[in-house]
file entry.pdb (PDB, C-alpha atoms, pLDDT in the B column)
ATOM      1  CA  MET L1078       0.000   0.000   0.000  1.00 91.00           C
ATOM      2  CA  THR L1079       1.415   3.392  -0.981  1.00 96.00           C
ATOM      3  CA  THR L1080       1.576   6.345   1.384  1.00 96.00           C
ATOM      4  CA  PHE L1081      -1.218   8.012  -0.597  1.00 97.00           C
ATOM      5  CA  GLU L1082      -3.440   4.923  -0.354  1.00 97.00           C
ATOM      6  CA  LYS L1083      -2.830   4.720   3.400  1.00 98.00           C
ATOM      7  CA  LEU L1084      -3.563   8.444   3.719  1.00 98.00           C
ATOM      8  CA  GLN L1085      -6.685   8.085   1.562  1.00 98.00           C
ATOM      9  CA  GLN L1086      -7.993   5.322   3.824  1.00 98.00           C
ATOM     10  CA  THR L1087      -7.175   7.331   6.963  1.00 98.00           C
ATOM     11  CA  ILE L1088      -8.924  10.474   5.724  1.00 98.00           C
ATOM     12  CA  ALA L1089     -11.948   8.505   4.477  1.00 98.00           C
ATOM     13  CA  ALA L1090     -12.334   6.607   7.763  1.00 98.00           C
ATOM     14  CA  THR L1091     -11.799   9.686   9.946  1.00 98.00           C
ATOM     15  CA  LEU L1092     -14.139  11.972   8.008  1.00 98.00           C
ATOM     16  CA  LYS L1093     -16.598   9.184   7.169  1.00 98.00           C
ATOM     17  CA  VAL L1094     -16.509   9.706   3.411  1.00 98.00           C
ATOM     18  CA  PRO L1095     -16.021   7.178   0.601  1.00 98.00           C
ATOM     19  CA  PRO L1096     -12.309   6.689  -0.231  1.00 97.00           C
ATOM     20  CA  ALA L1097     -13.060   7.624  -3.852  1.00 97.00           C
ATOM     21  CA  LYS L1098     -13.826  11.190  -2.683  1.00 97.00           C
ATOM     22  CA  VAL L1099     -10.226  11.540  -1.451  1.00 98.00           C
ATOM     23  CA  THR L1100      -7.896  12.171  -4.391  1.00 98.00           C
ATOM     24  CA  GLN L1101      -4.297  13.344  -4.813  1.00 97.00           C
ATOM     25  CA  THR L1102      -5.574  16.937  -4.962  1.00 98.00           C
ATOM     26  CA  THR L1103      -8.313  16.949  -2.298  1.00 98.00           C
ATOM     27  CA  ARG L1104      -8.367  20.041  -0.063  1.00 98.00           C
ATOM     28  CA  ASP L1105     -10.302  20.692   3.133  1.00 97.00           C
ATOM     29  CA  GLN L1106     -12.898  22.802   1.297  1.00 97.00           C
ATOM     30  CA  ASP L1107     -13.680  19.845  -0.993  1.00 98.00           C
ATOM     31  CA  LEU L1108     -15.139  17.801   1.875  1.00 98.00           C
ATOM     32  CA  PRO L1109     -17.793  19.317   4.169  1.00 97.00           C
ATOM     33  CA  ALA L1110     -16.722  16.957   6.980  1.00 97.00           C
ATOM     34  CA  TRP L1111     -13.193  18.427   6.853  1.00 98.00           C
ATOM     35  CA  ASP L1112     -14.111  21.324   9.128  1.00 97.00           C
ATOM     36  CA  SER L1113     -12.224  22.471  12.238  1.00 95.00           C
ATOM     37  CA  LEU L1114     -13.322  19.467  14.308  1.00 97.00           C
ATOM     38  CA  GLY L1115     -12.624  17.154  11.385  1.00 97.00           C
ATOM     39  CA  GLN L1116      -9.133  18.674  11.132  1.00 97.00           C
ATOM     40  CA  VAL L1117      -8.358  17.923  14.794  1.00 96.00           C
ATOM     41  CA  ASN L1118      -9.652  14.361  14.441  1.00 97.00           C
ATOM     42  CA  LEU L1119      -7.645  13.934  11.255  1.00 98.00           C
ATOM     43  CA  ILE L1120      -4.424  15.173  12.893  1.00 97.00           C
ATOM     44  CA  MET L1121      -4.880  12.639  15.709  1.00 97.00           C
ATOM     45  CA  ALA L1122      -5.572   9.868  13.197  1.00 98.00           C
ATOM     46  CA  LEU L1123      -2.472  10.806  11.179  1.00 98.00           C
ATOM     47  CA  GLU L1124      -0.300  10.724  14.297  1.00 97.00           C
ATOM     48  CA  GLN L1125      -1.618   7.286  15.152  1.00 97.00           C
ATOM     49  CA  GLU L1126      -1.600   5.784  11.648  1.00 97.00           C
ATOM     50  CA  PHE L1127       1.804   7.085  10.569  1.00 97.00           C
ATOM     51  CA  ASN L1128       3.458   7.140  14.023  1.00 96.00           C
ATOM     52  CA  VAL L1129       4.430  10.812  13.766  1.00 97.00           C
ATOM     53  CA  PHE L1130       4.094  13.814  16.074  1.00 96.00           C
ATOM     54  CA  ILE L1131       2.503  16.917  14.578  1.00 97.00           C
ATOM     55  CA  GLU L1132       3.214  20.273  16.220  1.00 95.00           C
ATOM     56  CA  VAL L1133       0.183  22.477  16.867  1.00 93.00           C
ATOM     57  CA  GLU L1134       1.726  25.105  14.561  1.00 94.00           C
ATOM     58  CA  GLU L1135       1.495  22.598  11.688  1.00 93.00           C
ATOM     59  CA  PHE L1136      -2.234  21.852  12.099  1.00 93.00           C
ATOM     60  CA  GLY L1137      -3.443  24.684   9.860  1.00 92.00           C
ATOM     61  CA  LYS L1138      -0.899  23.948   7.143  1.00 96.00           C
ATOM     62  CA  LEU L1139      -2.035  20.343   6.738  1.00 97.00           C
ATOM     63  CA  ASN L1140      -5.273  21.243   4.977  1.00 97.00           C
ATOM     64  CA  SER L1141      -4.884  19.248   1.765  1.00 98.00           C
ATOM     65  CA  VAL L1142      -3.720  15.850   0.586  1.00 98.00           C
ATOM     66  CA  PRO L1143      -0.620  17.350  -1.132  1.00 98.00           C
ATOM     67  CA  ALA L1144       0.317  19.236   2.069  1.00 98.00           C
ATOM     68  CA  ILE L1145      -0.069  16.116   4.217  1.00 98.00           C
ATOM     69  CA  LEU L1146       1.900  13.990   1.759  1.00 97.00           C
ATOM     70  CA  GLY L1147       4.655  16.628   1.779  1.00 97.00           C
ATOM     71  CA  PHE L1148       4.719  16.597   5.578  1.00 97.00           C
ATOM     72  CA  LEU L1149       4.892  12.792   5.671  1.00 97.00           C
ATOM     73  CA  GLU L1150       7.722  12.864   3.137  1.00 96.00           C
ATOM     74  CA  GLN L1151       9.629  15.291   5.386  1.00 95.00           C
ATOM     75  CA  GLN L1152       9.162  12.777   8.190  1.00 94.00           C
ATOM     76  CA  GLY L1153      10.848  10.115   6.062  1.00 93.00           C
ATOM     77  CA  LEU L1154       7.645   8.393   4.974  1.00 88.00           C
ATOM     78  CA  SER L1155       7.028   8.121   1.258  1.00 69.00           C
TER
END

call {"tool": "encode", "arguments": {"input": "entry.pdb", "output": "structure tokens"}}
result
Amino acid sequence: MTTFEKLQQTIAATLKVPPAKVTQTTRDQDLPAWDSLGQVNLIMALEQEFNVFIEVEEFGKLNSVPAILGFLEQQGLS
């Protein structure tokens, strides 16, 4: 499973949307469930799923699939 596929599954499960709605270019505004509460839940799910720690300052920057993939790549996951 690729990092994107793992991320896609994590976002879909956390936000309760079909995985097909999560693409390589999905942004927070594309999914109504990806609101402020959804963002917090997603950050916690990412930390758990990918075994990373996300600083509070990073929360707002991780508002799209490309941004999250970039962050995970910086953490050595790709």

call {"tool": "resolve_selection", "arguments": {"input": "entry.pdb", "expression": "the PyMOL selection byres ((chain L and resi 1124-1139) around 12)", "output": "JSON, numbers by chain"}}
result
{"L": [1080, 1081, 1083, 1084, 1085, 1086, 1087, 1088, 1090, 1091, 1103, 1104, 1105, 1111, 1112, 1113, 1114, 1115, 1116, 1117, 1118, 1119, 1120, 1121, 1122, 1123, 1140, 1141, 1142, 1143, 1144, 1145, 1146, 1147, 1148, 1149, 1150, 1151, 1152, 1153, 1154, 1155]}

call {"tool": "atom_distance", "arguments": {"input": "entry.pdb", "atom1": "atom CA of Gln1106 of chain L", "atom2": "atom CA of Met1078 of chain L"}}
result
26.2 Å

call {"tool": "axis_aligned_box", "arguments": {"input": "entry.pdb", "around": "segment 1111-1116 of chain L", "padding_each_side": "3 Å", "output": "JSON"}}
result
{"center_x": -11.6, "center_y": 19.8, "center_z": 10.6, "size_x": 11.0, "size_y": 11.3, "size_z": 13.5}

call {"tool": "resolve_selection", "arguments": {"input": "entry.pdb", "expression": "the PyMOL selection byres ((chain L and resi 1098) around 9)", "output": "MDAnalysis selection string"}}
result
chainID L and resid 1085 1089 1094:1097 1099:1100 1103 1107:1108

call {"tool": "write_last_selection", "arguments": {"input": "entry.pdb", "atoms": "C-alpha atoms", "output": "PDB file, in the frame of the given file"}}
result
ATOM      1  CA  GLN L1085      -6.685   8.085   1.562  1.00 98.00           C
ATOM      2  CA  ALA L1089     -11.948   8.505   4.477  1.00 98.00           C
ATOM      3  CA  VAL L1094     -16.509   9.706   3.411  1.00 98.00           C
ATOM      4  CA  PRO L1095     -16.021   7.178   0.601  1.00 98.00           C
ATOM      5  CA  PRO L1096     -12.309   6.689  -0.231  1.00 97.00           C
ATOM      6  CA  ALA L1097     -13.060   7.624  -3.852  1.00 97.00           C
ATOM      7  CA  VAL L1099     -10.226  11.540  -1.451  1.00 98.00           C
ATOM      8  CA  THR L1100      -7.896  12.171  -4.391  1.00 98.00           C
ATOM      9  CA  THR L1103      -8.313  16.949  -2.298  1.00 98.00           C
ATOM     10  CA  ASP L1107     -13.680  19.845  -0.993  1.00 98.00           C
ATOM     11  CA  LEU L1108     -15.139  17.801   1.875  1.00 98.00           C
TER      12      LEU L1108
END

call {"tool": "decode", "arguments": {"input": "entry.pdb", "residues": "segment 1084-1099 of chain L", "atoms": "N, CA and C atoms", "output": "PDB file, in the first residue's frame"}}
result
ATOM      1  N   LEU L1084      -3.000   7.146   3.351  1.00  0.00           N
ATOM      2  CA  LEU L1084      -3.563   8.444   3.719  1.00  0.00           C
ATOM      3  C   LEU L1084      -5.023   8.530   3.288  1.00  0.00           C
ATOM      4  N   GLN L1085      -5.313   8.072   2.093  1.00  0.00           N
ATOM      5  CA  GLN L1085      -6.685   8.085   1.562  1.00  0.00           C
ATOM      6  C   GLN L1085      -7.614   7.310   2.498  1.00  0.00           C
ATOM      7  N   GLN L1086      -7.187   6.136   2.922  1.00  0.00           N
ATOM      8  CA  GLN L1086      -7.993   5.322   3.824  1.00  0.00           C
ATOM      9  C   GLN L1086      -8.178   6.013   5.181  1.00  0.00           C
ATOM     10  N   THR L1087      -7.119   6.647   5.666  1.00  0.00           N
ATOM     11  CA  THR L1087      -7.175   7.331   6.963  1.00  0.00           C
ATOM     12  C   THR L1087      -8.141   8.511   6.913  1.00  0.00           C
ATOM     13  N   ILE L1088      -8.028   9.324   5.862  1.00  0.00           N
ATOM     14  CA  ILE L1088      -8.924  10.474   5.724  1.00  0.00           C
ATOM     15  C   ILE L1088     -10.374   9.999   5.577  1.00  0.00           C
ATOM     16  N   ALA L1089     -10.586   9.009   4.718  1.00  0.00           N
ATOM     17  CA  ALA L1089     -11.948   8.505   4.477  1.00  0.00           C
ATOM     18  C   ALA L1089     -12.565   7.963   5.760  1.00  0.00           C
ATOM     19  N   ALA L1090     -11.807   7.190   6.531  1.00  0.00           N
ATOM     20  CA  ALA L1090     -12.334   6.607   7.763  1.00  0.00           C
ATOM     21  C   ALA L1090     -12.587   7.689   8.810  1.00  0.00           C
ATOM     22  N   THR L1091     -11.676   8.637   8.930  1.00  0.00           N
ATOM     23  CA  THR L1091     -11.799   9.686   9.946  1.00  0.00           C
ATOM     24  C   THR L1091     -12.968  10.623   9.655  1.00  0.00           C
ATOM     25  N   LEU L1092     -13.101  11.011   8.383  1.00  0.00           N
ATOM     26  CA  LEU L1092     -14.139  11.972   8.008  1.00  0.00           C
ATOM     27  C   LEU L1092     -15.434  11.303   7.552  1.00  0.00           C
ATOM     28  N   LYS L1093     -15.420   9.973   7.555  1.00  0.00           N
ATOM     29  CA  LYS L1093     -16.598   9.184   7.169  1.00  0.00           C
ATOM     30  C   LYS L1093     -17.107   9.543   5.771  1.00  0.00           C
ATOM     31  N   VAL L1094     -16.174   9.488   4.819  1.00  0.00           N
ATOM     32  CA  VAL L1094     -16.509   9.706   3.411  1.00  0.00           C
ATOM     33  C   VAL L1094     -15.992   8.513   2.610  1.00  0.00           C
ATOM     34  N   PRO L1095     -16.535   8.265   1.428  1.00  0.00           N
ATOM     35  CA  PRO L1095     -16.021   7.178   0.601  1.00  0.00           C
ATOM     36  C   PRO L1095     -14.573   7.474   0.177  1.00  0.00           C
ATOM     37  N   PRO L1096     -13.698   6.471   0.184  1.00  0.00           N
ATOM     38  CA  PRO L1096     -12.309   6.689  -0.231  1.00  0.00           C
ATOM     39  C   PRO L1096     -12.186   7.335  -1.606  1.00  0.00           C
ATOM     40  N   ALA L1097     -13.121   7.059  -2.498  1.00  0.00           N
ATOM     41  CA  ALA L1097     -13.060   7.624  -3.852  1.00  0.00           C
ATOM     42  C   ALA L1097     -13.153   9.151  -3.841  1.00  0.00           C
ATOM     43  N   LYS L1098     -13.716   9.726  -2.771  1.00  0.00           N
ATOM     44  CA  LYS L1098     -13.826  11.190  -2.683  1.00  0.00           C
ATOM     45  C   LYS L1098     -12.497  11.834  -2.300  1.00  0.00           C
ATOM     46  N   VAL L1099     -11.535  11.029  -1.859  1.00  0.00           N
ATOM     47  CA  VAL L1099     -10.226  11.540  -1.451  1.00  0.00           C
ATOM     48  C   VAL L1099      -9.237  11.251  -2.575  1.00  0.00           C
TER      49      VAL L1099
END
